[in-house]
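S.K.: Handing you this structure, nothing more for now.
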Amino acid sequence: MNIDEIELRRLDLTVLLVFTNLMRLRKASYVAEHMGLTQSSISHSIKRLRETFGDPLFLRTPKGMEPTAVALGLEPKIRSVVETLSQAISAPVIFDPASSTETLRLGAFDNEMTTLIPRFLQVVRSDAPGMRVSILPLGRRPAVDALEHGDIDLALGFAWSLPRSIKQVKLYEEGYSVVLRQGHPLAQAQMTLEAYVSAEHLIVSPRGDHRGIVDDALEKFGSMRQVTTAVPQFLPALSIVATTDLIATMPSRLVATQAGRYQLVSCPPPIEIRPFTVSAMHHERNSNNPMHQWAISALSEIANDAAQM
């Protein structure tokens, strides 16, 4: 697609902002309200975009403005231009937690919500009382997508591989513990491999899989377990284990903070299971964002304190 200088002059910053906001909000009325413009101004900008790129770009549907394939292809390039311009004209941002009224948007699974977020909110209430925090229940892939699209500021959790645009700061390395209810037939005995594989197991899997990293480890020993139940989140899993003869193998920090609350007992697994790293992830465009840096620093301190307890 060749666009000459005359066409480029038609694409001022307002037009580009209309495009990026339409991609995000999908309704012209929402974009007008968000940008403080009239509906007529939005329509005029859309017309200029369509004439410049020779494509409808957005199709009206009952659900709003649906982007065409051309618009989807243009979105990362135009967003990059807008972000570069924004950084070029913006004065250095100073973040003062004590006076901040910003909203920090986090994506996390319920493991991190339970082990990190409560302590983090205590820090926020103490050091940044005017700040608001929004937390979305996002697992690995959805969290990365949300970071890419700018829907969240930070994601907490782990991922074996990440796109180059997503950076991560290690918070801690996590292992596993076996949990079972008090009074369980296996609760008084040492958890041998034979006893472990003979029990009925519950697994936490957002996709409903009945196989996980534990099964890979067991396979190396020529063993396999009976996974009879899969649930999408950790806290419901703990509740189920507390009221059944199912056992579960879960992240050790989660078990340490919640076993007493659910009246569970715990023990190390009878096999070695590869640990995983819990990190704070952010998009590279926000690497120098002072609010994000402050939040990551606070989360790192919380993780270190917990490791020393």
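Following the order of the structure tokens, first chain is A, next is B, and so on, with residues numbered from 1 inside each chain and ligands from 1 in the order they appear.
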Quick one: everything within 7 Å of Phe109 (chain A), counting only C-alpha atoms, minus sequence neighbours fewer than 2 positions away in the same chain. Send it as a list in words.
M.R.: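 Once the adjacent positions are removed, what remains is Asn111, Glu112, Met113, Pro137, Leu138 and Gly139 of chain A.
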S.K.: Counting only C-alpha atoms, what is within 12 Å of Ser287 (chain A), bar same-chain residues fewer than 3 positions away, as a PDB file with N, CA and C atoms, in the first residue's frame?
M.R.:
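Contents of selection01.pdb, freshly written:
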ATOM      1  N   ASP A 153      -2.325  -3.212  32.979  1.00  0.00           N
ATOM      2  CA  ASP A 153      -0.984  -2.653  33.157  1.00  0.00           C
ATOM      3  C   ASP A 153       0.051  -3.729  33.456  1.00  0.00           C
ATOM      4  N   LEU A 154      -0.306  -4.659  34.337  1.00  0.00           N
ATOM      5  CA  LEU A 154       0.609  -5.730  34.732  1.00  0.00           C
ATOM      6  C   LEU A 154      -0.148  -7.048  34.780  1.00  0.00           C
ATOM      7  N   SER A 165       7.568  -8.558  22.889  1.00  0.00           N
ATOM      8  CA  SER A 165       7.046  -7.286  23.389  1.00  0.00           C
ATOM      9  C   SER A 165       6.693  -7.332  24.870  1.00  0.00           C
ATOM     10  N   ILE A 166       6.606  -8.533  25.447  1.00  0.00           N
ATOM     11  CA  ILE A 166       6.233  -8.676  26.857  1.00  0.00           C
ATOM     12  C   ILE A 166       7.479  -8.956  27.689  1.00  0.00           C
ATOM     13  N   LYS A 167       7.720  -8.096  28.659  1.00  0.00           N
ATOM     14  CA  LYS A 167       8.866  -8.236  29.555  1.00  0.00           C
ATOM     15  C   LYS A 167       8.381  -8.743  30.914  1.00  0.00           C
ATOM     16  N   GLN A 168       9.262  -9.418  31.640  1.00  0.00           N
ATOM     17  CA  GLN A 168       8.862  -9.942  32.944  1.00  0.00           C
ATOM     18  C   GLN A 168       9.954  -9.739  33.982  1.00  0.00           C
ATOM     19  N   VAL A 169       9.504  -9.553  35.215  1.00  0.00           N
ATOM     20  CA  VAL A 169      10.396  -9.432  36.362  1.00  0.00           C
ATOM     21  C   VAL A 169      10.069 -10.592  37.304  1.00  0.00           C
ATOM     22  N   ALA A 280       6.055 -10.713  37.399  1.00  0.00           N
ATOM     23  CA  ALA A 280       5.216  -9.568  37.035  1.00  0.00           C
ATOM     24  C   ALA A 280       5.561  -9.241  35.588  1.00  0.00           C
ATOM     25  N   MET A 281       4.573  -9.275  34.718  1.00  0.00           N
ATOM     26  CA  MET A 281       4.788  -9.059  33.288  1.00  0.00           C
ATOM     27  C   MET A 281       4.190  -7.721  32.855  1.00  0.00           C
ATOM     28  N   HIS A 282       4.878  -7.051  31.931  1.00  0.00           N
ATOM     29  CA  HIS A 282       4.382  -5.786  31.406  1.00  0.00           C
ATOM     30  C   HIS A 282       4.776  -5.671  29.938  1.00  0.00           C
ATOM     31  N   HIS A 283       4.092  -4.782  29.220  1.00  0.00           N
ATOM     32  CA  HIS A 283       4.446  -4.556  27.828  1.00  0.00           C
ATOM     33  C   HIS A 283       5.660  -3.651  27.760  1.00  0.00           C
ATOM     34  N   GLU A 284       6.494  -3.856  26.752  1.00  0.00           N
ATOM     35  CA  GLU A 284       7.723  -3.071  26.641  1.00  0.00           C
ATOM     36  C   GLU A 284       7.461  -1.571  26.517  1.00  0.00           C
ATOM     37  N   PRO A 290       6.586   5.002  35.618  1.00  0.00           N
ATOM     38  CA  PRO A 290       6.968   5.016  37.044  1.00  0.00           C
ATOM     39  C   PRO A 290       5.946   4.341  37.954  1.00  0.00           C
ATOM     40  N   MET A 291       4.648   4.404  37.628  1.00  0.00           N
ATOM     41  CA  MET A 291       3.659   3.719  38.460  1.00  0.00           C
ATOM     42  C   MET A 291       3.858   2.207  38.376  1.00  0.00           C
ATOM     43  N   HIS A 292       4.112   1.710  37.176  1.00  0.00           N
ATOM     44  CA  HIS A 292       4.327   0.281  37.016  1.00  0.00           C
ATOM     45  C   HIS A 292       5.597  -0.157  37.743  1.00  0.00           C
ATOM     46  N   GLN A 293       6.647   0.659  37.633  1.00  0.00           N
ATOM     47  CA  GLN A 293       7.893   0.336  38.333  1.00  0.00           C
ATOM     48  C   GLN A 293       7.673   0.289  39.842  1.00  0.00           C
ATOM     49  N   TRP A 294       6.892   1.218  40.363  1.00  0.00           N
ATOM     50  CA  TRP A 294       6.602   1.227  41.792  1.00  0.00           C
ATOM     51  C   TRP A 294       5.840  -0.033  42.197  1.00  0.00           C
ATOM     52  N   ILE A 296       5.750  -2.987  40.675  1.00  0.00           N
ATOM     53  CA  ILE A 296       6.605  -4.168  40.563  1.00  0.00           C
ATOM     54  C   ILE A 296       7.576  -4.241  41.735  1.00  0.00           C
TER      55      ILE A 296
END
S.K.: Go through A:Thr103, A:Ala259, A:Val18, A:Leu57 one by one, measure the shortest atom-to-atom distance of each to Ser43 (chain A) using only C-alpha atoms, and give the residue with the smallest value.
M.R.: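 Ranking A:Thr103, A:Ala259, A:Val18, A:Leu57 by distance to Ser43 (chain A), first place goes to A:Val18.
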S.K.: So which residues touch Leu180 (chain A) within 6 Å, counting only C-alpha atoms, skipping near sequence neighbours fewer than 4 positions away, as a list in words?
M.R.: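 Close residues of Leu180 (chain A): Val241, Ile247, Leu264 and Val265 of chain A.
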S.K.: Just write the chosen residues, all heavy atoms, as a tab-separated table (two decimals), in the first residue's frame.
M.R.:
chain	number	residue	atom	x	y	z
A	241	VAL	N	-11.45	-30.39	48.08
A	241	VAL	CA	-10.56	-31.31	48.78
A	241	VAL	C	-10.92	-31.40	50.26
A	241	VAL	O	-10.85	-32.48	50.88
A	241	VAL	CB	-9.09	-30.87	48.61
A	241	VAL	CG1	-8.16	-31.66	49.52
A	241	VAL	CG2	-8.65	-31.03	47.16
A	247	ILE	N	-7.43	-35.79	46.64
A	247	ILE	CA	-6.24	-35.06	47.04
A	247	ILE	C	-5.81	-34.20	45.85
A	247	ILE	O	-6.22	-34.44	44.71
A	247	ILE	CB	-5.09	-35.99	47.49
A	247	ILE	CG1	-4.47	-36.74	46.30
A	247	ILE	CG2	-5.59	-36.98	48.54
A	247	ILE	CD1	-3.20	-37.52	46.65
A	264	LEU	N	-7.05	-28.30	56.13
A	264	LEU	CA	-6.37	-29.30	55.32
A	264	LEU	C	-5.01	-29.61	55.93
A	264	LEU	O	-4.44	-28.82	56.67
A	264	LEU	CB	-6.17	-28.78	53.89
A	264	LEU	CG	-7.44	-28.44	53.10
A	264	LEU	CD1	-7.08	-27.72	51.81
A	264	LEU	CD2	-8.23	-29.71	52.80
A	265	VAL	N	-4.49	-30.77	55.60
A	265	VAL	CA	-3.12	-31.10	55.94
A	265	VAL	C	-2.34	-31.16	54.64
A	265	VAL	O	-2.90	-31.38	53.55
A	265	VAL	CB	-3.02	-32.45	56.70
A	265	VAL	CG1	-3.71	-32.33	58.04
A	265	VAL	CG2	-3.62	-33.58	55.88
S.K.: When you look at Ile302 (chain A) with a cut-off of 12 Å (counting only C-alpha atoms), what residues show up, excluding the ones that are within fewer than 4 positions of it in the same chain? I need them as a list in words.
M.R.: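 That gives Glu112, Thr115, Leu116, Ile117, Pro118, Arg119, Phe120, Leu121, Gln122, Val123, Leu171, Tyr172, Ala295, Ile296, Ser297, Ala298, Ala306, Ala307, Gln308 and Met309 of chain A.
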S.K.: Can those selected residues be exported to a file as a compact mmCIF listing (two decimals), in the first residue's frame so that it contains all heavy atoms?
M.R.:
# COMPACT_ATOMS: atom_id res chain seq x y z
N GLU A 112 -2.27 -16.15 42.40
CA GLU A 112 -1.60 -14.89 42.69
C GLU A 112 -2.52 -13.92 43.43
O GLU A 112 -2.06 -13.13 44.26
CB GLU A 112 -1.08 -14.25 41.40
CG GLU A 112 0.03 -15.01 40.71
CD GLU A 112 -0.44 -16.26 39.99
OE1 GLU A 112 -1.56 -16.25 39.44
OE2 GLU A 112 0.30 -17.26 39.98
N THR A 115 -2.14 -15.14 47.07
CA THR A 115 -0.84 -15.10 47.74
C THR A 115 -0.17 -13.74 47.70
O THR A 115 0.58 -13.39 48.62
CB THR A 115 0.11 -16.14 47.11
OG1 THR A 115 0.21 -15.90 45.70
CG2 THR A 115 -0.41 -17.55 47.34
N LEU A 116 -0.41 -12.95 46.65
CA LEU A 116 0.27 -11.66 46.49
C LEU A 116 -0.62 -10.45 46.70
O LEU A 116 -0.21 -9.46 47.32
CB LEU A 116 0.90 -11.58 45.08
CG LEU A 116 2.14 -12.41 44.81
CD1 LEU A 116 2.49 -12.36 43.33
CD2 LEU A 116 3.31 -11.95 45.65
N ILE A 117 -1.82 -10.51 46.17
CA ILE A 117 -2.68 -9.32 46.14
C ILE A 117 -3.06 -8.80 47.53
O ILE A 117 -3.03 -7.58 47.75
CB ILE A 117 -3.93 -9.57 45.28
CG1 ILE A 117 -3.52 -9.83 43.83
CG2 ILE A 117 -4.89 -8.39 45.36
CD1 ILE A 117 -2.76 -8.69 43.19
N PRO A 118 -3.41 -9.65 48.50
CA PRO A 118 -3.78 -9.09 49.82
C PRO A 118 -2.68 -8.23 50.42
O PRO A 118 -2.94 -7.12 50.92
CB PRO A 118 -4.05 -10.34 50.66
CG PRO A 118 -4.49 -11.37 49.67
CD PRO A 118 -3.65 -11.11 48.46
N ARG A 119 -1.43 -8.72 50.38
CA ARG A 119 -0.31 -7.93 50.92
C ARG A 119 -0.07 -6.67 50.08
O ARG A 119 0.26 -5.61 50.61
CB ARG A 119 0.96 -8.79 50.96
CG ARG A 119 0.93 -9.92 51.98
CD ARG A 119 1.28 -9.41 53.38
NE ARG A 119 2.53 -8.67 53.40
CZ ARG A 119 3.75 -9.23 53.41
NH1 ARG A 119 3.87 -10.56 53.39
NH2 ARG A 119 4.83 -8.49 53.45
N PHE A 120 -0.22 -6.81 48.76
CA PHE A 120 -0.01 -5.65 47.89
C PHE A 120 -1.04 -4.57 48.17
O PHE A 120 -0.71 -3.37 48.22
CB PHE A 120 -0.10 -6.08 46.42
CG PHE A 120 0.03 -4.94 45.45
CD1 PHE A 120 1.24 -4.26 45.32
CD2 PHE A 120 -1.05 -4.53 44.69
CE1 PHE A 120 1.36 -3.20 44.42
CE2 PHE A 120 -0.93 -3.48 43.80
CZ PHE A 120 0.28 -2.81 43.66
N LEU A 121 -2.28 -4.95 48.42
CA LEU A 121 -3.32 -3.96 48.72
C LEU A 121 -3.05 -3.27 50.06
O LEU A 121 -3.39 -2.10 50.23
CB LEU A 121 -4.70 -4.63 48.71
CG LEU A 121 -5.19 -5.10 47.34
CD1 LEU A 121 -6.56 -5.75 47.47
CD2 LEU A 121 -5.25 -3.94 46.34
N GLN A 122 -2.45 -3.98 50.99
CA GLN A 122 -2.06 -3.33 52.25
C GLN A 122 -1.03 -2.23 51.98
O GLN A 122 -1.11 -1.14 52.56
CB GLN A 122 -1.46 -4.37 53.21
CG GLN A 122 -2.47 -5.36 53.77
CD GLN A 122 -1.81 -6.40 54.65
OE1 GLN A 122 -0.61 -6.38 54.89
NE2 GLN A 122 -2.61 -7.35 55.15
N VAL A 123 -0.07 -2.50 51.09
CA VAL A 123 0.93 -1.49 50.73
C VAL A 123 0.25 -0.31 50.03
O VAL A 123 0.56 0.86 50.31
CB VAL A 123 2.01 -2.11 49.81
CG1 VAL A 123 2.96 -1.02 49.30
CG2 VAL A 123 2.78 -3.18 50.56
N LEU A 171 9.42 -12.69 40.42
CA LEU A 171 9.03 -12.42 41.79
C LEU A 171 9.49 -13.55 42.73
O LEU A 171 10.09 -13.30 43.76
CB LEU A 171 7.51 -12.24 41.88
CG LEU A 171 6.93 -11.06 41.08
CD1 LEU A 171 5.42 -11.02 41.22
CD2 LEU A 171 7.55 -9.74 41.54
N TYR A 172 9.20 -14.79 42.35
CA TYR A 172 9.66 -15.92 43.16
C TYR A 172 9.53 -17.21 42.37
O TYR A 172 8.83 -17.28 41.36
CB TYR A 172 8.89 -16.03 44.48
CG TYR A 172 7.39 -16.25 44.34
CD1 TYR A 172 6.85 -17.52 44.25
CD2 TYR A 172 6.52 -15.16 44.31
CE1 TYR A 172 5.48 -17.72 44.14
CE2 TYR A 172 5.15 -15.34 44.20
CZ TYR A 172 4.64 -16.63 44.12
OH TYR A 172 3.28 -16.82 44.00
N ALA A 295 4.84 -0.42 41.40
CA ALA A 295 4.04 -1.60 41.73
C ALA A 295 4.89 -2.86 41.69
O ALA A 295 4.79 -3.73 42.57
CB ALA A 295 2.87 -1.71 40.76
N ILE A 296 5.75 -2.99 40.68
CA ILE A 296 6.61 -4.17 40.56
C ILE A 296 7.58 -4.24 41.74
O ILE A 296 7.83 -5.32 42.30
CB ILE A 296 7.36 -4.16 39.22
CG1 ILE A 296 6.37 -4.38 38.07
CG2 ILE A 296 8.44 -5.23 39.20
CD1 ILE A 296 6.99 -4.21 36.69
N SER A 297 8.12 -3.10 42.13
CA SER A 297 9.03 -3.07 43.28
C SER A 297 8.33 -3.51 44.55
O SER A 297 8.87 -4.30 45.34
CB SER A 297 9.59 -1.65 43.45
OG SER A 297 10.41 -1.57 44.60
N ALA A 298 7.09 -3.03 44.75
CA ALA A 298 6.32 -3.43 45.93
C ALA A 298 6.02 -4.92 45.92
O ALA A 298 6.16 -5.61 46.95
CB ALA A 298 5.02 -2.63 46.00
N ALA A 306 7.89 -12.95 51.95
CA ALA A 306 7.21 -14.24 52.13
C ALA A 306 8.21 -15.38 52.08
O ALA A 306 8.07 -16.39 52.80
CB ALA A 306 6.14 -14.41 51.07
N ALA A 307 9.23 -15.25 51.22
CA ALA A 307 10.22 -16.32 51.10
C ALA A 307 11.05 -16.48 52.37
O ALA A 307 11.55 -17.56 52.66
CB ALA A 307 11.14 -16.04 49.91
N GLN A 308 11.19 -15.40 53.15
CA GLN A 308 12.01 -15.44 54.35
C GLN A 308 11.22 -15.84 55.60
O GLN A 308 11.79 -16.00 56.67
CB GLN A 308 12.64 -14.07 54.57
CG GLN A 308 13.62 -13.68 53.45
CD GLN A 308 14.08 -12.25 53.54
OE1 GLN A 308 13.81 -11.57 54.54
NE2 GLN A 308 14.75 -11.77 52.51
N MET A 309 9.91 -15.97 55.46
CA MET A 309 9.07 -16.31 56.61
C MET A 309 9.14 -17.81 56.90
O MET A 309 9.39 -18.60 56.02
CB MET A 309 7.62 -15.90 56.34
CG MET A 309 7.42 -14.38 56.28
SD MET A 309 5.72 -13.91 55.86
CE MET A 309 4.83 -14.61 57.25
S.K.: DSSP on the backbone: which residues in region 34-93 of chain A end up as strand (DSSP E or B)? Give the answer as a ChimeraX atom specification.
M.R.: /A:58-61,64-67
S.K.: What separation in Å, quoted to one decimal, exists between CA of Pro67 (chain A) and CA of Phe19 (chain A)?
M.R.: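 Separation between CA of Pro67 (chain A) and CA of Phe19 (chain A): 10.0 Å.
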S.K.: Name the residues of region 45-136 of chain A that fall into helix (DSSP H, G or I) according to DSSP on the backbone, using the chain letters and numbers of this document, as an NGL selection string.
M.R.: :A and (45-53 or 69-89 or 97-99 or 110-115 or 117-127)
S.K.: Mind dumping the selected residues with N, CA and C atoms as a compact mmCIF listing (two decimals), in the first residue's frame?
M.R.:
# COMPACT_ATOMS: atom_id res chain seq x y z
N SER A 45 -13.48 11.88 10.62
CA SER A 45 -12.20 11.19 10.75
C SER A 45 -12.25 9.80 10.11
N ILE A 46 -13.35 9.09 10.33
CA ILE A 46 -13.50 7.76 9.72
C ILE A 46 -13.48 7.87 8.21
N LYS A 47 -14.14 8.91 7.67
CA LYS A 47 -14.17 9.11 6.22
C LYS A 47 -12.75 9.33 5.68
N ARG A 48 -11.96 10.16 6.38
CA ARG A 48 -10.59 10.43 5.95
C ARG A 48 -9.75 9.16 5.98
N LEU A 49 -9.95 8.35 7.03
CA LEU A 49 -9.22 7.08 7.12
C LEU A 49 -9.57 6.16 5.96
N ARG A 50 -10.85 6.06 5.65
CA ARG A 50 -11.29 5.18 4.57
C ARG A 50 -10.75 5.63 3.22
N GLU A 51 -10.77 6.96 2.99
CA GLU A 51 -10.26 7.48 1.73
C GLU A 51 -8.75 7.26 1.61
N THR A 52 -8.04 7.43 2.70
CA THR A 52 -6.58 7.28 2.69
C THR A 52 -6.16 5.84 2.42
N PHE A 53 -6.82 4.89 3.10
CA PHE A 53 -6.41 3.50 3.00
C PHE A 53 -7.20 2.70 1.97
N ALA A 69 -10.27 -6.76 7.80
CA ALA A 69 -8.93 -7.36 7.85
C ALA A 69 -7.85 -6.30 7.68
N VAL A 70 -8.11 -5.29 6.83
CA VAL A 70 -7.13 -4.22 6.64
C VAL A 70 -6.93 -3.44 7.94
N ALA A 71 -8.04 -3.14 8.65
CA ALA A 71 -7.94 -2.40 9.91
C ALA A 71 -7.16 -3.21 10.95
N LEU A 72 -7.40 -4.51 10.99
CA LEU A 72 -6.68 -5.36 11.95
C LEU A 72 -5.19 -5.37 11.65
N GLY A 73 -4.84 -5.33 10.37
CA GLY A 73 -3.43 -5.30 10.00
C GLY A 73 -2.78 -3.97 10.30
N LEU A 74 -3.55 -2.89 10.19
CA LEU A 74 -3.02 -1.55 10.45
C LEU A 74 -2.88 -1.25 11.94
N GLU A 75 -3.70 -1.88 12.77
CA GLU A 75 -3.81 -1.50 14.18
C GLU A 75 -2.48 -1.47 14.91
N PRO A 76 -1.63 -2.53 14.87
CA PRO A 76 -0.37 -2.45 15.63
C PRO A 76 0.57 -1.37 15.12
N LYS A 77 0.54 -1.09 13.81
CA LYS A 77 1.42 -0.07 13.25
C LYS A 77 0.97 1.33 13.66
N ILE A 78 -0.34 1.59 13.58
CA ILE A 78 -0.84 2.91 13.95
C ILE A 78 -0.71 3.12 15.46
N ARG A 79 -0.98 2.07 16.24
CA ARG A 79 -0.83 2.19 17.70
C ARG A 79 0.62 2.54 18.06
N SER A 80 1.57 1.91 17.35
CA SER A 80 2.99 2.19 17.61
C SER A 80 3.33 3.64 17.29
N VAL A 81 2.76 4.17 16.20
CA VAL A 81 3.00 5.57 15.83
C VAL A 81 2.45 6.50 16.91
N VAL A 82 1.23 6.23 17.38
CA VAL A 82 0.60 7.07 18.39
C VAL A 82 1.41 7.03 19.69
N GLU A 83 1.86 5.85 20.08
CA GLU A 83 2.64 5.73 21.32
C GLU A 83 3.98 6.45 21.20
N THR A 84 4.61 6.36 20.03
CA THR A 84 5.88 7.05 19.82
C THR A 84 5.71 8.56 19.90
N LEU A 85 4.65 9.07 19.27
CA LEU A 85 4.37 10.50 19.33
C LEU A 85 4.08 10.94 20.76
N SER A 86 3.31 10.11 21.47
CA SER A 86 2.96 10.45 22.84
C SER A 86 4.19 10.55 23.72
N GLN A 87 5.10 9.59 23.55
CA GLN A 87 6.34 9.61 24.34
C GLN A 87 7.21 10.80 23.99
N ALA A 88 7.20 11.19 22.69
CA ALA A 88 8.06 12.28 22.24
C ALA A 88 7.63 13.63 22.80
N ILE A 89 6.31 13.83 22.97
CA ILE A 89 5.83 15.14 23.40
C ILE A 89 5.52 15.19 24.89
N PRO A 97 3.36 8.11 44.96
CA PRO A 97 2.32 7.22 45.49
C PRO A 97 1.36 7.93 46.45
N ALA A 98 1.90 8.78 47.29
CA ALA A 98 1.07 9.42 48.32
C ALA A 98 -0.03 10.29 47.74
N SER A 99 0.19 10.84 46.55
CA SER A 99 -0.81 11.74 45.96
C SER A 99 -1.49 11.15 44.72
N ASP A 110 -6.26 -16.94 40.35
CA ASP A 110 -6.60 -16.84 41.78
C ASP A 110 -5.46 -17.28 42.69
N ASN A 111 -4.46 -17.99 42.17
CA ASN A 111 -3.28 -18.29 42.98
C ASN A 111 -2.58 -17.00 43.39
N GLU A 112 -2.27 -16.15 42.40
CA GLU A 112 -1.60 -14.89 42.69
C GLU A 112 -2.52 -13.92 43.43
N MET A 113 -3.81 -13.96 43.11
CA MET A 113 -4.76 -13.11 43.83
C MET A 113 -4.73 -13.42 45.32
N THR A 114 -4.54 -14.68 45.66
CA THR A 114 -4.58 -15.10 47.05
C THR A 114 -3.25 -14.90 47.77
N THR A 115 -2.14 -15.14 47.07
CA THR A 115 -0.84 -15.10 47.74
C THR A 115 -0.17 -13.74 47.70
N ILE A 117 -1.82 -10.51 46.17
CA ILE A 117 -2.68 -9.32 46.14
C ILE A 117 -3.06 -8.80 47.53
N PRO A 118 -3.41 -9.65 48.50
CA PRO A 118 -3.78 -9.09 49.82
C PRO A 118 -2.68 -8.23 50.42
N ARG A 119 -1.43 -8.72 50.38
CA ARG A 119 -0.31 -7.93 50.92
C ARG A 119 -0.07 -6.67 50.08
N PHE A 120 -0.22 -6.81 48.76
CA PHE A 120 -0.01 -5.65 47.89
C PHE A 120 -1.04 -4.57 48.17
N LEU A 121 -2.28 -4.95 48.42
CA LEU A 121 -3.32 -3.96 48.72
C LEU A 121 -3.05 -3.27 50.06
N GLN A 122 -2.45 -3.98 50.99
CA GLN A 122 -2.06 -3.33 52.25
C GLN A 122 -1.03 -2.23 51.98
N VAL A 123 -0.07 -2.50 51.09
CA VAL A 123 0.93 -1.49 50.73
C VAL A 123 0.25 -0.31 50.03
N VAL A 124 -0.67 -0.60 49.14
CA VAL A 124 -1.38 0.46 48.42
C VAL A 124 -2.14 1.34 49.40
N ARG A 125 -2.87 0.74 50.30
CA ARG A 125 -3.67 1.52 51.26
C ARG A 125 -2.77 2.35 52.18
N SER A 126 -1.58 1.84 52.44
CA SER A 126 -0.65 2.56 53.33
C SER A 126 0.11 3.65 52.60
N ASP A 127 0.66 3.32 51.42
CA ASP A 127 1.57 4.24 50.73
C ASP A 127 0.91 5.02 49.61
S.K.: Expressed in Å to a single decimal, how great is the separation between CA of Ser279 (chain A) and CA of Lys170 (chain A)?
M.R.: 4.3 Å
S.K.: Give me, as a tab-separated table, the closest atom pair and its distance (Å, one decimal) for every residue of region 213-233 of chain A within a cut-off of 10 Å of region 193-196 of chain A, counting only C-alpha atoms, rows sorted by chain and rising number.
M.R.:
residue	atom	partner	partner_atom	distance
A:Leu218	CA	A:Leu193	CA	9.2
A:Phe221	CA	A:Leu193	CA	9.6
A:Ser223	CA	A:Leu193	CA	8.7
A:Met224	CA	A:Tyr196	CA	9.6
A:Arg225	CA	A:Tyr196	CA	7.5
A:Gln226	CA	A:Tyr196	CA	9.4
S.K.: If you take only C-alpha atoms and a cut-off of 9 Å, which residues of region 188-225 of chain A touch region 249-257 of chain A, and what are their nearest atom pairs and distances in Å to one decimal, in chain and number order, as a tab-separated table?
M.R.:
residue	atom	partner	partner_atom	distance
A:His201	CA	A:Thr249	CA	8.2
A:Leu202	CA	A:Thr249	CA	8.0
A:Ile203	CA	A:Thr249	CA	7.4
A:Val204	CA	A:Met250	CA	8.2
A:Val214	CA	A:Thr249	CA	7.8
S.K.: Would you put the residues from that selection into a file with N, CA, C and O atoms, as an mmCIF file, in the first residue's frame?
M.R.:
data_model
loop_
_atom_site.group_PDB
_atom_site.id
_atom_site.type_symbol
_atom_site.label_atom_id
_atom_site.label_comp_id
_atom_site.auth_asym_id
_atom_site.auth_seq_id
_atom_site.Cartn_x
_atom_site.Cartn_y
_atom_site.Cartn_z
ATOM 1 N N HIS A 201 -7.356 -38.025 42.416
ATOM 2 C CA HIS A 201 -6.782 -36.693 42.378
ATOM 3 C C HIS A 201 -7.721 -35.678 41.732
ATOM 4 O O HIS A 201 -8.486 -36.002 40.813
ATOM 5 N N LEU A 202 -7.603 -34.463 42.234
ATOM 6 C CA LEU A 202 -8.260 -33.300 41.640
ATOM 7 C C LEU A 202 -7.166 -32.436 41.018
ATOM 8 O O LEU A 202 -6.092 -32.271 41.601
ATOM 9 N N ILE A 203 -7.427 -31.886 39.843
ATOM 10 C CA ILE A 203 -6.465 -31.035 39.163
ATOM 11 C C ILE A 203 -7.102 -29.676 38.880
ATOM 12 O O ILE A 203 -8.313 -29.596 38.634
ATOM 13 N N VAL A 204 -6.305 -28.622 38.955
ATOM 14 C CA VAL A 204 -6.781 -27.288 38.597
ATOM 15 C C VAL A 204 -6.380 -27.018 37.155
ATOM 16 O O VAL A 204 -5.181 -27.001 36.827
ATOM 17 N N VAL A 214 2.307 -32.651 36.860
ATOM 18 C CA VAL A 214 2.520 -33.778 37.779
ATOM 19 C C VAL A 214 2.529 -35.094 37.018
ATOM 20 O O VAL A 214 3.336 -35.990 37.301
#
S.K.: When you draw a straight line from CA of Leu162 (chain A) to CA of Gly107 (chain A), how long is it in Å?
M.R.: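 Pair CA of Leu162 (chain A) / CA of Gly107 (chain A) returns 15.4 Å.
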S.K.: Considering only C-alpha atoms, return as a ChimeraX atom specification whatever protein or nucleic-acid residues lie within 7 Å of Asn21 (chain A), sequence-local ones (same chain, fewer than 4 positions apart) excluded.
M.R.: /A:17,25,31
S.K.: Please produce a file of the residues just selected, as a PDB file, in the first residue's frame, where the atoms kept are N, CA and C atoms.
M.R.:
ATOM      1  N   LEU A  17      -5.870   8.826  16.538  1.00  0.00           N
ATOM      2  CA  LEU A  17      -6.457   8.498  17.836  1.00  0.00           C
ATOM      3  C   LEU A  17      -7.873   7.962  17.681  1.00  0.00           C
ATOM      4  N   LEU A  25     -12.786   0.426  21.461  1.00  0.00           N
ATOM      5  CA  LEU A  25     -14.137   0.601  22.001  1.00  0.00           C
ATOM      6  C   LEU A  25     -15.227   0.074  21.076  1.00  0.00           C
ATOM      7  N   VAL A  31     -16.312   6.483  21.425  1.00  0.00           N
ATOM      8  CA  VAL A  31     -15.090   7.189  21.067  1.00  0.00           C
ATOM      9  C   VAL A  31     -15.296   8.697  21.198  1.00  0.00           C
TER      10      VAL A  31
END
S.K.: Pick the closest to Asp216 (chain A) from A:Tyr262, A:Ile273, A:Val197, A:Thr68: which is it, counting only C-alpha atoms?
M.R.: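 Of A:Tyr262, A:Ile273, A:Val197, A:Thr68, the one nearest Asp216 (chain A), counting only C-alpha atoms, is A:Ile273.
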S.K.: I'd like to know which of A:Gly54, A:Gly260, A:Pro270, A:Pro62 is closest to Ser177 (chain A), using only C-alpha atoms.
M.R.: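 Among A:Gly54, A:Gly260, A:Pro270, A:Pro62, it is A:Pro270 that comes nearest to Ser177 (chain A).
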S.K.: Quick one: of A:Pro269, A:Lys27, A:Val133, A:Asp12, who's nearest to Glu66 (chain A), counting only C-alpha atoms?
M.R.: A:Lys27
